[in-house]
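Here's the structure we're looking at; comments come further down.
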Amino acid sequence: MRRGVLLLLAGVGLNLAGWYLQLEELDVYKWAMVLGTVLFGIGFLLILYGLIRKVERAALLEERAEAQEEAEQPVRRAEDSMP
């Protein structure tokens with residue numbers, strides 16, 4: 001997710017630099033804006049992917065914990081019935 005934030009910020013920075021170069025009437029601004037937009041998009045997708053993975057991991061851990069509790073419950077009942 002850190003790479004996503006870095007790429008997002010780099011994209012914003014390149015777009016701002018491209019805007020400045022456009023005001024200075026330099027033709028290089030087109031490349032800066034294209035690259036900035038691509039980096040921004042990749043950064044956004046990486047951040048979104050990271051968030052989805054975190055949510056999915058949390059759900060998976062919760063599911064495993066519930067399955068483990070269910071597996072332990074019959075053993076406890078058998079132990080409780082013993083004198």
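Scheme for the structure tokens: letters A, B, ... for chains in order shown; per-chain residue numbers from 1; ligand numbers from 1 in order shown.
By only C-alpha atoms, and with residues fewer than 4 positions from Gly43 (chain A) along its chain excluded, the set lying at most 12 Å from it is Met1, Arg2, Arg3, Gly4, Val5, Leu6, Leu7, Leu8, Leu9, Ala10, Gly11, Val12, Gly36, Thr37, Val38, Leu39, Ile47, Leu48, Tyr49 and Gly50 of chain A.
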Emit the selected residues as a PDB file, in the first residue's frame, including C-alpha atoms.
```
ATOM      1  CA  MET A   1       0.000   0.000   0.000  1.00  0.00           C
ATOM      2  CA  ARG A   2       2.984   2.276   0.571  1.00  0.00           C
ATOM      3  CA  ARG A   3       3.975   1.957  -3.068  1.00  0.00           C
ATOM      4  CA  GLY A   4       0.447   2.946  -4.035  1.00  0.00           C
ATOM      5  CA  VAL A   5       0.598   6.107  -1.944  1.00  0.00           C
ATOM      6  CA  LEU A   6       4.031   6.971  -3.335  1.00  0.00           C
ATOM      7  CA  LEU A   7       2.886   6.451  -6.917  1.00  0.00           C
ATOM      8  CA  LEU A   8      -0.267   8.451  -6.263  1.00  0.00           C
ATOM      9  CA  LEU A   9       1.742  11.360  -4.873  1.00  0.00           C
ATOM     10  CA  ALA A  10       4.247  11.124  -7.729  1.00  0.00           C
ATOM     11  CA  GLY A  11       1.365  11.252 -10.191  1.00  0.00           C
ATOM     12  CA  VAL A  12      -0.100  14.325  -8.548  1.00  0.00           C
ATOM     13  CA  GLY A  36       1.482  11.725 -14.012  1.00  0.00           C
ATOM     14  CA  THR A  37      -1.940  10.412 -14.947  1.00  0.00           C
ATOM     15  CA  VAL A  38      -0.626   6.874 -15.466  1.00  0.00           C
ATOM     16  CA  LEU A  39       1.239   6.920 -12.134  1.00  0.00           C
ATOM     17  CA  ILE A  47      -4.197   1.392  -2.754  1.00  0.00           C
ATOM     18  CA  LEU A  48      -7.586  -0.099  -3.597  1.00  0.00           C
ATOM     19  CA  TYR A  49      -6.050  -3.564  -4.009  1.00  0.00           C
ATOM     20  CA  GLY A  50      -4.273  -3.227  -0.657  1.00  0.00           C
TER      21      GLY A  50
END
```
Quiz item: So which residues touch Ala32 (chain A) within 6 Å, counting only C-alpha atoms, skipping near sequence neighbours fewer than 3 positions away, as a list in words?
Solution: Leu14, Gly18, Tyr29, Leu35 and Gly36 of chain A
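With only C-alpha atoms as the atoms that count, the minimum distance from Asn15 (chain A) to the choices A:Phe40, A:Arg57, A:Glu63, A:Asp27 is reached by A:Phe40.
CA of Trp19 (chain A) sits 17.6 Å away from CA of Gly41 (chain A).
CA of Val34 (chain A) is positioned 27.2 Å from CA of Ile52 (chain A).
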